[in-house]
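Asker: Data file structure21.cif (mmCIF, C-alpha atoms) is appended below.
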```
data_query
#
loop_
_atom_site.label_atom_id
_atom_site.label_comp_id
_atom_site.auth_asym_id
_atom_site.auth_seq_id
_atom_site.Cartn_x
_atom_site.Cartn_y
_atom_site.Cartn_z
CA MET A 1 -3.44 -10.47 30.59
CA LYS A 2 -5.71 -7.43 30.98
CA ILE A 3 -5.30 -5.00 28.07
CA ALA A 4 -6.80 -1.48 28.01
CA LEU A 5 -7.19 0.38 24.71
CA GLY A 6 -7.98 4.10 24.76
CA ILE A 7 -9.60 5.98 21.85
CA PHE A 8 -11.41 9.33 22.04
CA LYS A 9 -14.15 8.43 19.60
CA TYR A 10 -15.16 5.29 17.73
CA PHE A 11 -17.09 5.18 14.45
CA PRO A 12 -16.96 2.41 11.85
CA PHE A 13 -15.25 4.07 8.87
CA GLY A 14 -12.18 5.93 10.15
CA GLY A 15 -8.74 4.49 9.44
CA LEU A 16 -7.60 4.82 13.06
CA GLN A 17 -10.85 3.26 14.27
CA ILE A 18 -10.45 0.31 11.91
CA ASP A 19 -6.89 -0.28 13.17
CA MET A 20 -8.07 -0.13 16.77
CA ARG A 21 -10.92 -2.56 16.02
CA ASN A 22 -8.59 -5.03 14.29
CA ILE A 23 -6.08 -4.93 17.14
CA ALA A 24 -8.82 -5.33 19.77
CA LEU A 25 -10.30 -8.31 17.92
CA GLU A 26 -6.84 -9.87 17.53
CA PHE A 27 -6.32 -9.64 21.31
CA ALA A 28 -9.72 -11.27 21.85
CA ARG A 29 -8.97 -13.99 19.31
CA ARG A 30 -5.88 -14.90 21.33
CA GLY A 31 -7.92 -15.14 24.53
CA GLU A 32 -6.74 -11.91 26.18
CA ASP A 33 -9.01 -9.82 28.45
CA VAL A 34 -9.33 -6.64 26.37
CA THR A 35 -11.38 -3.52 27.10
CA VAL A 36 -11.83 -0.49 24.85
CA PHE A 37 -12.30 2.77 26.76
CA THR A 38 -13.78 5.61 24.72
CA GLY A 39 -15.49 8.95 25.15
CA GLU A 40 -17.92 8.33 22.30
CA TRP A 41 -19.14 5.15 20.60
CA ASN A 42 -21.05 5.58 17.34
CA SER A 43 -21.46 2.03 16.12
CA SER A 44 -23.81 -0.92 16.31
CA GLU A 45 -21.26 -3.46 15.06
CA SER A 46 -20.32 -6.50 17.11
CA PHE A 47 -16.91 -6.84 18.79
CA PRO A 48 -16.85 -10.53 19.87
CA GLY A 49 -14.84 -10.98 23.06
CA VAL A 50 -14.12 -7.25 23.46
CA ASN A 51 -15.44 -5.17 26.37
CA VAL A 52 -16.42 -1.56 25.65
CA GLU A 53 -16.65 1.09 28.36
CA ILE A 54 -17.80 4.64 27.59
CA LEU A 55 -16.26 7.31 29.79
CA LYS A 56 -18.45 10.29 30.58
CA LEU A 57 -16.83 13.57 29.55
CA SER A 58 -18.16 17.06 30.29
CA SER A 59 -15.65 19.35 28.54
CA LEU A 60 -16.83 21.26 25.48
CA SER A 61 -13.64 22.07 23.57
CA ASN A 62 -11.69 19.29 21.89
CA HIS A 63 -8.43 19.99 23.69
CA ARG A 64 -10.05 20.12 27.13
CA LYS A 65 -11.95 16.95 26.29
CA ALA A 66 -8.65 15.29 25.31
CA LEU A 67 -7.15 16.12 28.70
CA GLU A 68 -10.26 14.93 30.50
CA PHE A 69 -10.30 11.68 28.54
CA ALA A 70 -6.64 10.96 29.33
CA ARG A 71 -7.26 11.38 33.06
CA ALA A 72 -10.47 9.34 32.97
CA PHE A 73 -8.76 6.57 30.99
CA HIS A 74 -5.89 6.22 33.46
CA ARG A 75 -8.32 6.11 36.39
CA ALA A 76 -10.46 3.45 34.72
CA ALA A 77 -7.49 1.36 33.55
CA GLN A 78 -5.31 1.61 36.65
CA ASN A 79 -5.51 -2.14 37.36
CA PHE A 80 -4.78 -3.25 33.79
CA ASP A 81 -1.50 -4.92 32.83
CA ILE A 82 -0.92 -3.01 29.58
CA LYS A 83 -2.37 0.28 28.31
CA VAL A 84 -2.42 1.26 24.64
CA ALA A 85 -3.36 4.78 23.45
CA PHE A 86 -4.79 5.39 20.00
CA ASN A 87 -4.87 9.18 20.44
CA ARG A 88 -2.23 11.57 21.76
CA PHE A 89 -1.88 11.20 25.52
CA GLY A 90 0.98 9.98 27.65
CA GLY A 91 1.39 7.49 30.45
CA CYS A 92 0.61 4.39 28.36
CA ASP A 93 2.83 1.46 27.51
CA PHE A 94 2.16 1.83 23.78
CA TYR A 95 0.87 4.51 21.43
CA PHE A 96 -0.45 3.87 17.92
CA ALA A 97 0.61 6.91 15.86
CA ALA A 98 -2.08 7.22 13.20
CA ASP A 99 -1.33 10.92 12.69
CA ASP A 100 1.73 12.89 11.66
CA CYS A 101 3.80 14.73 14.27
CA TYR A 102 1.54 17.51 15.59
CA THR A 103 4.34 19.86 16.64
CA ALA A 104 6.20 19.48 13.33
CA ALA A 105 3.01 20.33 11.43
CA LEU A 106 2.40 23.30 13.73
CA ASN A 107 5.92 24.58 13.16
CA ARG A 108 5.24 24.68 9.41
CA ARG A 109 2.16 26.85 9.81
CA LYS A 110 2.17 30.59 9.32
CA GLY A 111 2.16 32.36 12.68
CA ALA A 112 3.38 29.23 14.49
CA PHE A 113 5.10 31.31 17.23
CA LEU A 114 1.79 32.85 18.28
CA LEU A 115 -0.27 29.70 17.78
CA ARG A 116 1.90 27.81 20.29
CA HIS A 117 0.45 30.00 23.05
CA PHE A 118 -3.19 29.22 22.23
CA GLY A 119 -4.82 26.65 24.52
CA ARG A 120 -5.64 24.14 21.79
CA TYR A 121 -2.15 24.02 20.30
CA LYS A 122 -0.41 24.14 23.65
CA VAL A 123 -2.42 21.22 25.03
CA PHE A 124 -2.03 18.95 22.00
CA SER A 125 1.69 19.71 21.77
CA GLU A 126 2.17 18.86 25.45
CA LEU A 127 0.15 15.66 25.09
CA GLU A 128 2.34 14.62 22.17
CA LYS A 129 5.50 15.52 24.07
CA SER A 130 4.39 13.30 26.95
CA ILE A 131 4.54 10.36 24.54
CA PHE A 132 7.72 11.07 22.59
CA SER A 133 9.96 12.82 25.11
CA PRO A 134 13.23 10.96 25.80
CA HIS A 135 12.03 10.72 29.42
CA SER A 136 8.83 8.91 28.52
CA ARG A 137 8.58 5.12 28.65
CA THR A 138 5.92 4.83 25.92
CA VAL A 139 6.75 2.71 22.90
CA ALA A 140 5.21 4.23 19.75
CA PHE A 141 4.09 2.36 16.67
CA TYR A 142 4.66 4.50 13.58
CA ILE A 143 3.25 3.69 10.16
CA CYS A 144 5.34 5.70 7.69
CA GLN A 145 8.93 6.95 7.46
CA LYS A 146 7.94 10.61 7.66
CA GLN A 147 6.60 10.06 11.19
CA PHE A 148 9.83 8.41 12.33
CA GLU A 149 11.92 11.28 11.02
CA GLU A 150 9.74 13.99 12.55
CA PHE A 151 9.35 12.39 15.98
CA ARG A 152 13.12 11.93 16.13
CA SER A 153 13.81 15.47 14.92
CA VAL A 154 11.34 17.24 17.23
CA TYR A 155 11.65 15.17 20.40
CA GLY A 156 14.83 13.11 20.10
CA THR A 157 12.83 9.96 20.80
CA PRO A 158 15.18 6.95 21.20
CA VAL A 159 14.99 4.68 18.16
CA GLU A 160 14.27 1.63 20.33
CA ARG A 161 10.96 3.24 21.33
CA LEU A 162 9.81 3.66 17.72
CA ILE A 163 8.52 0.52 16.00
CA TYR A 164 7.33 0.39 12.40
CA LEU A 165 4.05 -1.31 11.51
CA GLY A 166 3.31 -1.95 7.85
CA PRO A 167 -0.07 -1.39 6.20
CA GLY A 168 -2.92 -3.32 7.76
CA VAL A 169 -4.83 -4.29 4.63
CA GLY A 170 -7.74 -6.68 5.19
CA GLU A 171 -7.54 -10.20 3.80
CA GLN A 172 -10.46 -9.47 1.45
CA TYR A 173 -8.35 -6.97 -0.52
CA VAL A 174 -6.89 -9.18 -3.25
CA PRO A 175 -6.95 -8.95 -7.05
CA ALA A 176 -10.31 -10.17 -8.35
CA ASP A 177 -10.42 -12.80 -11.07
CA ASP A 178 -12.05 -11.85 -14.37
CA VAL A 179 -15.44 -13.36 -13.49
CA LEU A 180 -15.70 -11.63 -10.12
CA ARG A 181 -14.43 -8.34 -11.50
CA ARG A 182 -17.05 -8.36 -14.27
CA LYS A 183 -19.72 -9.16 -11.69
CA TYR A 184 -18.76 -6.20 -9.49
CA ARG A 185 -18.51 -3.82 -12.44
CA SER A 186 -21.86 -4.92 -13.81
CA ALA A 187 -23.48 -4.36 -10.40
CA LEU A 188 -22.11 -0.80 -10.47
CA GLY A 189 -23.38 -0.19 -14.01
CA VAL A 190 -19.93 0.04 -15.56
CA LYS A 191 -19.75 -1.08 -19.18
CA GLU A 192 -16.94 -3.26 -20.52
CA ASN A 193 -15.39 -0.40 -22.51
CA GLU A 194 -15.62 2.14 -19.66
CA THR A 195 -13.04 2.96 -17.00
CA LEU A 196 -14.01 3.22 -13.36
CA ALA A 197 -12.18 5.96 -11.45
CA LEU A 198 -12.68 5.48 -7.70
CA PHE A 199 -12.47 7.87 -4.75
CA VAL A 200 -12.83 6.47 -1.20
CA ALA A 201 -12.73 8.65 1.92
CA ALA A 202 -14.58 9.33 5.16
CA ASN A 203 -13.78 13.04 4.73
CA TRP A 204 -14.66 14.07 1.17
CA LYS A 205 -12.89 17.44 1.04
CA LEU A 206 -9.85 16.72 3.23
CA LYS A 207 -8.97 13.76 1.04
CA GLY A 208 -9.45 15.75 -2.16
CA GLY A 209 -12.84 14.76 -3.51
CA ASP A 210 -13.40 18.29 -4.82
CA ARG A 211 -9.99 18.15 -6.54
CA VAL A 212 -11.03 14.94 -8.28
CA MET A 213 -14.18 16.58 -9.60
CA GLU A 214 -12.55 19.82 -10.69
CA THR A 215 -9.80 17.97 -12.53
CA PHE A 216 -12.19 15.50 -14.12
CA ALA A 217 -14.26 18.40 -15.46
CA SER A 218 -11.14 19.62 -17.32
CA LEU A 219 -10.30 16.27 -18.94
CA PRO A 220 -10.69 15.94 -22.72
CA GLU A 221 -14.14 14.80 -23.78
CA GLU A 222 -12.81 11.56 -25.28
CA ILE A 223 -11.57 10.53 -21.81
CA LYS A 224 -14.61 11.76 -19.88
CA LYS A 225 -17.09 9.92 -22.09
CA GLN A 226 -15.26 6.65 -21.37
CA THR A 227 -15.12 7.17 -17.61
CA GLN A 228 -17.39 6.82 -14.60
CA LEU A 229 -16.48 8.48 -11.28
CA HIS A 230 -17.52 6.50 -8.21
CA PHE A 231 -17.40 8.09 -4.74
CA VAL A 232 -17.50 5.92 -1.63
CA GLY A 233 -17.76 7.59 1.78
CA ASN A 234 -19.22 10.70 3.34
CA ASP A 235 -20.45 13.21 0.77
CA ALA A 236 -20.09 16.22 3.11
CA GLY A 237 -23.82 16.61 3.62
CA GLY A 238 -24.61 16.73 -0.08
CA GLU A 239 -21.78 19.13 -0.94
CA ALA A 240 -20.23 16.55 -3.26
CA GLN A 241 -23.34 16.27 -5.43
CA LYS A 242 -23.74 20.03 -5.51
CA THR A 243 -20.14 20.44 -6.65
CA ALA A 244 -20.61 17.82 -9.37
CA GLN A 245 -23.75 19.56 -10.57
CA LYS A 246 -22.02 22.95 -10.59
CA LEU A 247 -19.17 21.51 -12.68
CA ASN A 248 -21.68 19.87 -15.04
CA ILE A 249 -20.28 16.37 -14.43
CA LEU A 250 -23.09 14.91 -12.29
CA SER A 251 -24.04 12.44 -15.03
CA TYR A 252 -20.56 10.87 -14.77
CA CYS A 253 -20.70 10.50 -10.97
CA ARG A 254 -22.08 7.77 -8.74
CA PHE A 255 -22.34 8.23 -4.96
CA HIS A 256 -22.42 5.19 -2.69
CA GLY A 257 -22.14 6.70 0.80
CA PRO A 258 -20.14 5.11 3.64
CA GLN A 259 -19.44 1.40 3.23
CA LYS A 260 -18.21 -0.98 5.91
CA ASP A 261 -16.34 -3.04 3.31
CA THR A 262 -15.04 -1.29 0.19
CA SER A 263 -13.19 -4.27 -1.31
CA SER A 264 -15.72 -4.92 -4.11
CA PHE A 265 -15.51 -1.27 -5.19
CA VAL A 266 -11.71 -1.38 -5.27
CA GLN A 267 -11.65 -4.69 -7.13
CA ALA A 268 -14.00 -3.23 -9.76
CA ALA A 269 -11.92 -0.07 -10.25
CA ASP A 270 -9.40 0.77 -12.95
CA VAL A 271 -7.73 3.53 -10.94
CA LEU A 272 -7.91 5.05 -7.46
CA VAL A 273 -7.62 8.84 -7.36
CA HIS A 274 -6.51 10.15 -3.95
CA PRO A 275 -5.27 13.78 -4.10
CA ALA A 276 -5.50 14.29 -0.33
CA ARG A 277 -4.72 17.57 1.40
CA LYS A 278 -3.66 15.73 4.55
CA GLU A 279 -2.95 12.03 4.96
CA ALA A 280 -0.53 10.46 7.44
CA THR A 281 -0.68 7.18 5.55
CA GLY A 282 -3.78 6.49 3.44
CA GLY A 283 -5.02 2.97 4.01
CA VAL A 284 -7.09 3.10 0.83
CA ILE A 285 -3.84 3.48 -1.16
CA ALA A 286 -2.51 0.21 0.25
CA GLU A 287 -5.90 -1.45 -0.30
CA ALA A 288 -5.90 -0.43 -3.96
CA LEU A 289 -2.38 -1.77 -4.49
CA ALA A 290 -3.32 -5.02 -2.74
CA CYS A 291 -6.11 -5.38 -5.32
CA GLY A 292 -3.76 -4.59 -8.21
CA VAL A 293 -5.31 -1.17 -8.89
CA PRO A 294 -3.07 1.79 -9.91
CA VAL A 295 -3.19 4.97 -7.83
CA LEU A 296 -2.95 8.70 -8.57
CA VAL A 297 -1.91 10.31 -5.29
CA THR A 298 -0.44 13.45 -3.74
CA GLY A 299 3.12 13.05 -2.49
CA LEU A 300 2.30 14.17 1.07
CA CYS A 301 0.41 10.92 1.72
CA GLY A 302 2.48 8.51 3.81
CA TYR A 303 1.73 5.56 1.54
CA ALA A 304 2.59 7.52 -1.59
CA SER A 305 5.97 5.86 -1.09
CA LEU A 306 4.37 2.50 -1.95
CA VAL A 307 3.19 3.91 -5.27
CA ARG A 308 6.48 5.68 -5.92
CA ASP A 309 8.62 2.64 -5.17
CA SER A 310 6.49 0.14 -7.08
CA GLY A 311 5.65 2.39 -10.05
CA ALA A 312 2.01 1.30 -9.70
CA GLY A 313 0.60 4.75 -10.41
CA ILE A 314 1.66 8.38 -10.38
CA VAL A 315 2.69 10.50 -7.38
CA LEU A 316 2.02 14.26 -7.55
CA GLU A 317 5.16 15.69 -5.95
CA GLY A 318 5.37 19.13 -4.33
CA ASP A 319 2.50 21.57 -4.00
CA PHE A 320 -0.76 20.39 -5.51
CA SER A 321 -2.15 21.88 -8.69
CA SER A 322 -5.08 20.81 -10.85
CA GLU A 323 -2.70 20.85 -13.81
CA LYS A 324 -0.50 18.20 -12.17
CA LEU A 325 -3.46 15.94 -11.51
CA LEU A 326 -4.83 16.57 -15.00
CA ASN A 327 -1.52 15.59 -16.58
CA ALA A 328 -1.22 12.52 -14.35
CA TRP A 329 -4.76 11.41 -15.14
CA GLN A 330 -4.15 11.68 -18.87
CA ALA A 331 -0.79 9.92 -18.57
CA TRP A 332 -2.43 7.06 -16.66
CA PHE A 333 -5.30 6.82 -19.16
CA ASN A 334 -2.97 6.70 -22.15
CA ALA A 335 -0.86 3.95 -20.53
CA ARG A 336 -3.54 2.28 -18.41
CA GLU A 337 -2.70 -1.26 -19.54
CA HIS A 338 0.93 -0.73 -18.50
CA PHE A 339 -0.04 0.65 -15.10
CA ALA A 340 -2.53 -2.20 -14.57
CA GLY A 341 0.25 -4.73 -15.17
CA VAL A 342 2.63 -2.99 -12.76
CA ALA A 343 -0.10 -2.76 -10.10
CA GLN A 344 -0.88 -6.46 -10.46
CA LYS A 345 2.79 -7.22 -9.84
CA ALA A 346 2.82 -4.89 -6.81
CA ALA A 347 -0.17 -6.77 -5.35
CA GLN A 348 1.96 -9.92 -5.32
CA THR A 349 5.19 -8.42 -4.03
CA LEU A 350 4.45 -5.57 -1.60
CA PRO A 351 4.16 -6.44 2.13
CA LEU A 352 0.72 -4.94 2.77
CA LYS A 353 -0.97 -7.14 5.39
CA GLY A 354 -0.65 -8.29 8.98
CA ARG A 355 -0.52 -5.01 10.95
CA ALA A 356 -2.84 -6.06 13.78
CA SER A 357 -1.11 -9.39 14.27
CA ALA A 358 2.33 -7.74 14.32
CA ALA A 359 1.19 -5.10 16.84
CA VAL A 360 -0.31 -7.71 19.18
CA ASP A 361 2.80 -9.88 18.97
CA ILE A 362 4.95 -6.95 20.08
CA ILE A 363 2.57 -5.83 22.83
CA LEU A 364 2.21 -9.32 24.34
CA ASN A 365 5.99 -9.74 24.33
CA SER A 366 6.52 -6.27 25.81
CA ARG A 367 7.97 -7.66 29.03
CA ASN A 368 11.13 -8.05 26.96
CA PHE A 369 11.52 -4.31 26.36
#
```
Take the structure I supplied and represent it as structure tokens, if you would.

Answerer:
Amino acid sequence: MKIALGIFKYFPFGGLQIDMRNIALEFARRGEDVTVFTGEWNSSESFPGVNVEILKLSSLSNHRKALEFARAFHRAAQNFDIKVAFNRFGGCDFYFAADDCYTAALNRRKGAFLLRHFGRYKVFSELEKSIFSPHSRTVAFYICQKQFEEFRSVYGTPVERLIYLGPGVGEQYVPADDVLRRKYRSALGVKENETLALFVAANWKLKGGDRVMETFASLPEEIKKQTQLHFVGNDAGGEAQKTAQKLNILSYCRFHGPQKDTSSFVQAADVLVHPARKEATGGVIAEALACGVPVLVTGLCGYASLVRDSGAGIVLEGDFSSEKLLNAWQAWFNAREHFAGVAQKAAQTLPLKGRASAAVDIILNSRNF
């Protein structure tokens, strides 16, 4: 069967990109003829058995480029058996919804009535509508309950066209034994009596890296002196280090840059801190729980529900404040052995793996829909 996957841009460290890669490789592993069509490919990694075709785009603005890509994709993939979109555009058999409902988010913004008439917002809303309208034939994979509720509320999408996919945590994300954990911590320069607080994100500010630093700077000295802050991912062009220096906490911070595989960092950590400003799901949250690591997280994150339901951390409900994160951090620190035990249990009981396999099963059996 010929399968076409469409994604605007590919780079190695984005959550959506990782999901697309895993699904493409799963198709190839099963012997399917799979091609990824993209407008931009920023990677040197190998995709065994997967064809990659870069579509030339000339538009300058993002919304015009999105329209151009959708048209180019459908032209290029017109002879394929199944088409799967990983960004908002209609006309495909399946859509992988990595983001929250665009129109619902727009409706919550100040001045939404006027914004709807701007080209950018109008185009992206229409592209989303082309997927979720009751008249569409596209089956959408959603990855958290909030998405299901908003797509149904805004568009009235039939429930049979919305299919849940659980977290797609890699097989390498498992609790480390004592020997391996000590090895990873030693390699990071973490002493036996220190705690390692971890932040992982491709977008440092959007996912709350500055919030982590500002809150850490306000912690009592007895907690700070026992803690190292490790940042994995993009450092916003050096802005992260500058912020740490300004807050006088640079000596507590370690910056590791983007990493293809973050499992050793997570397995070495005592807590993941993820006070994101925007996060449809938050794959790193599921990865931490799979490794038995507690999480401090804002309630708007889709996978905050995993933390809330398991008790393996603390969810900051409602509007964010540094005081909330400060209180949560201190509460975790004072009961860290308890939270570690709960997180270890969650690693054994939560269904966190198998997203790519589940998606491919459904797609290949789609003749039954």

Asker: Which is closest to Pro294 of chain A among A:Ser218, A:Glu279, A:Asp319, A:Ala335, if we use only C-alpha atoms?

Answerer: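 Smallest separation from Pro294 of chain A among the options: A:Ala335.
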
Asker: For Phe216 of chain A, which of A:Ala105, A:Trp332, A:Ser322, A:His135 is the closest residue, counting all atoms listed in the file?

Answerer: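 Checking each of A:Ala105, A:Trp332, A:Ser322, A:His135 against Phe216 of chain A, counting all atoms listed in the file, the winner is A:Ser322.
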
Asker: Can you pull out every residue within 8 Å of Leu316 of chain A, counting all atoms listed in the file, but drop anything in the same chain fewer than 3 positions away, and send it as a list in words?

Answerer: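 Once the adjacent positions are removed, what remains is Leu296, Val297, Thr298, Gly299, Phe320, Lys324, Leu325 and Ala328 of chain A.
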
Asker: Would you translate the PyMOL selection byres ((chain A and resi 80) around 12) into the concrete set of residues it matches in this file, as a PyMOL selection string?

Answerer: chain A and resi 1-5+32-37+73-79+81-84+92-93

Asker: If the PyMOL selection byres ((chain A and resi 68) around 12) is run on the structure shown, which residues does it catch, given as a list of chain:residue names?

Answerer: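 Residues picked by the PyMOL selection byres ((chain A and resi 68) around 12): A:Phe8, A:Thr38, A:Gly39, A:Leu55, A:Lys56, A:Leu57, A:Ser58, A:Ser59, A:Leu60, A:Ser61, A:Asn62, A:His63, A:Arg64, A:Lys65, A:Ala66, A:Leu67, A:Phe69, A:Ala70, A:Arg71, A:Ala72, A:Phe73, A:His74, A:Arg75, A:Phe89, A:Val123, A:Leu127.
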
Asker: Report the residues retrieved by the PyMOL selection byres ((chain A and resi 267) around 10) from the displayed file, expressed as an mmCIF file with C-alpha atoms, in the frame of the given file.

Answerer:
```cif
data_model
loop_
_atom_site.group_PDB
_atom_site.id
_atom_site.type_symbol
_atom_site.label_atom_id
_atom_site.label_comp_id
_atom_site.auth_asym_id
_atom_site.auth_seq_id
_atom_site.Cartn_x
_atom_site.Cartn_y
_atom_site.Cartn_z
ATOM 1 C CA GLN A 172 -10.460 -9.470 1.450
ATOM 2 C CA TYR A 173 -8.350 -6.970 -0.520
ATOM 3 C CA VAL A 174 -6.890 -9.180 -3.250
ATOM 4 C CA PRO A 175 -6.950 -8.950 -7.050
ATOM 5 C CA ALA A 176 -10.310 -10.170 -8.350
ATOM 6 C CA ASP A 177 -10.420 -12.800 -11.070
ATOM 7 C CA LEU A 180 -15.700 -11.630 -10.120
ATOM 8 C CA ARG A 181 -14.430 -8.340 -11.500
ATOM 9 C CA ARG A 182 -17.050 -8.360 -14.270
ATOM 10 C CA TYR A 184 -18.760 -6.200 -9.490
ATOM 11 C CA ARG A 185 -18.510 -3.820 -12.440
ATOM 12 C CA THR A 262 -15.040 -1.290 0.190
ATOM 13 C CA SER A 263 -13.190 -4.270 -1.310
ATOM 14 C CA SER A 264 -15.720 -4.920 -4.110
ATOM 15 C CA PHE A 265 -15.510 -1.270 -5.190
ATOM 16 C CA VAL A 266 -11.710 -1.380 -5.270
ATOM 17 C CA ALA A 268 -14.000 -3.230 -9.760
ATOM 18 C CA ALA A 269 -11.920 -0.070 -10.250
ATOM 19 C CA ASP A 270 -9.400 0.770 -12.950
ATOM 20 C CA VAL A 271 -7.730 3.530 -10.940
ATOM 21 C CA GLU A 287 -5.900 -1.450 -0.300
ATOM 22 C CA ALA A 288 -5.900 -0.430 -3.960
ATOM 23 C CA ALA A 290 -3.320 -5.020 -2.740
ATOM 24 C CA CYS A 291 -6.110 -5.380 -5.320
ATOM 25 C CA GLY A 292 -3.760 -4.590 -8.210
ATOM 26 C CA VAL A 293 -5.310 -1.170 -8.890
#
```

Asker: Could you name the residues that touch Trp41 of chain A at 12 Å or less, counting only C-alpha atoms, but leaving out those on the same chain fewer than 6 positions away, as a compact mmCIF listing (two decimals) with C-alpha atoms, in the coordinates of the input?

Answerer:
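Saved result, selection_31.txt, follows:
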```txt
# COMPACT_ATOMS: atom_id res chain seq x y z
CA GLY A 6 -7.98 4.10 24.76
CA ILE A 7 -9.60 5.98 21.85
CA PHE A 8 -11.41 9.33 22.04
CA LYS A 9 -14.15 8.43 19.60
CA TYR A 10 -15.16 5.29 17.73
CA PHE A 11 -17.09 5.18 14.45
CA PRO A 12 -16.96 2.41 11.85
CA GLN A 17 -10.85 3.26 14.27
CA VAL A 52 -16.42 -1.56 25.65
CA GLU A 53 -16.65 1.09 28.36
CA ILE A 54 -17.80 4.64 27.59
CA LEU A 55 -16.26 7.31 29.79
CA LYS A 56 -18.45 10.29 30.58
```

Asker: Can you tell me how far atom CA of Gly313 of chain A sits from atom CA of Asp235 of chain A, in Å to one decimal?

Answerer: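 If I compute the distance from atom CA of Gly313 of chain A to atom CA of Asp235 of chain A, I get 25.3 Å.
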
Asker: For atom CA of Gly302 of chain A and atom CA of Cys144 of chain A, quote the distance in Å rounded to one decimal.

Answerer: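 Going from atom CA of Gly302 of chain A over to atom CA of Cys144 of chain A, I get 5.6 Å.
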
Asker: Select all residues near (3.2, -1.8, -15.2) (cut-off 7 Å, inclusive, file coordinates), counting all atoms listed in the file, and output them as a list in words.

Answerer: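 Residues satisfying the cut-off, written out: Ala312, His338, Phe339, Ala340, Gly341, Val342 and Ala343 of chain A.
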
Asker: Neighbours of segment 358-361 of chain A within 9 Å (all atoms listed in the file; same-chain residues fewer than 2 positions away dropped), as a list of chain:residue names?

Answerer: A:Ile23, A:Ala24, A:Glu26, A:Phe27, A:Phe141, A:Leu165, A:Gly166, A:Gly354, A:Arg355, A:Ala356, A:Ile363, A:Leu364, A:Asn365, A:Ser366

Asker: So, counting all atoms listed in the file, which residue among A:Val212, A:Leu250, A:Val200, A:Leu306 is closest to Gly233 of chain A?

Answerer: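 Once distances to Gly233 of chain A are computed over all atoms listed in the file, the minimum belongs to A:Val200.
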
Asker: List the spatial neighbours of Leu162 of chain A as number ranges by chain - criterion: any atom at most 9 Å away, all atoms listed in the file, same-chain residues fewer than 3 positions off excluded.

Answerer: A: 139-142, 148, 151, 157-159

Asker: Write to file, as a tab-separated table (two decimals), in the coordinates of the input, the residues of the selection just made, with C-alpha atoms.

Answerer:
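Just written: again-v7.tsv:
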```
chain	number	residue	atom	x	y	z
A	139	VAL	CA	6.75	2.71	22.90
A	140	ALA	CA	5.21	4.23	19.75
A	141	PHE	CA	4.09	2.36	16.67
A	142	TYR	CA	4.66	4.50	13.58
A	148	PHE	CA	9.83	8.41	12.33
A	151	PHE	CA	9.35	12.39	15.98
A	157	THR	CA	12.83	9.96	20.80
A	158	PRO	CA	15.18	6.95	21.20
A	159	VAL	CA	14.99	4.68	18.16
```
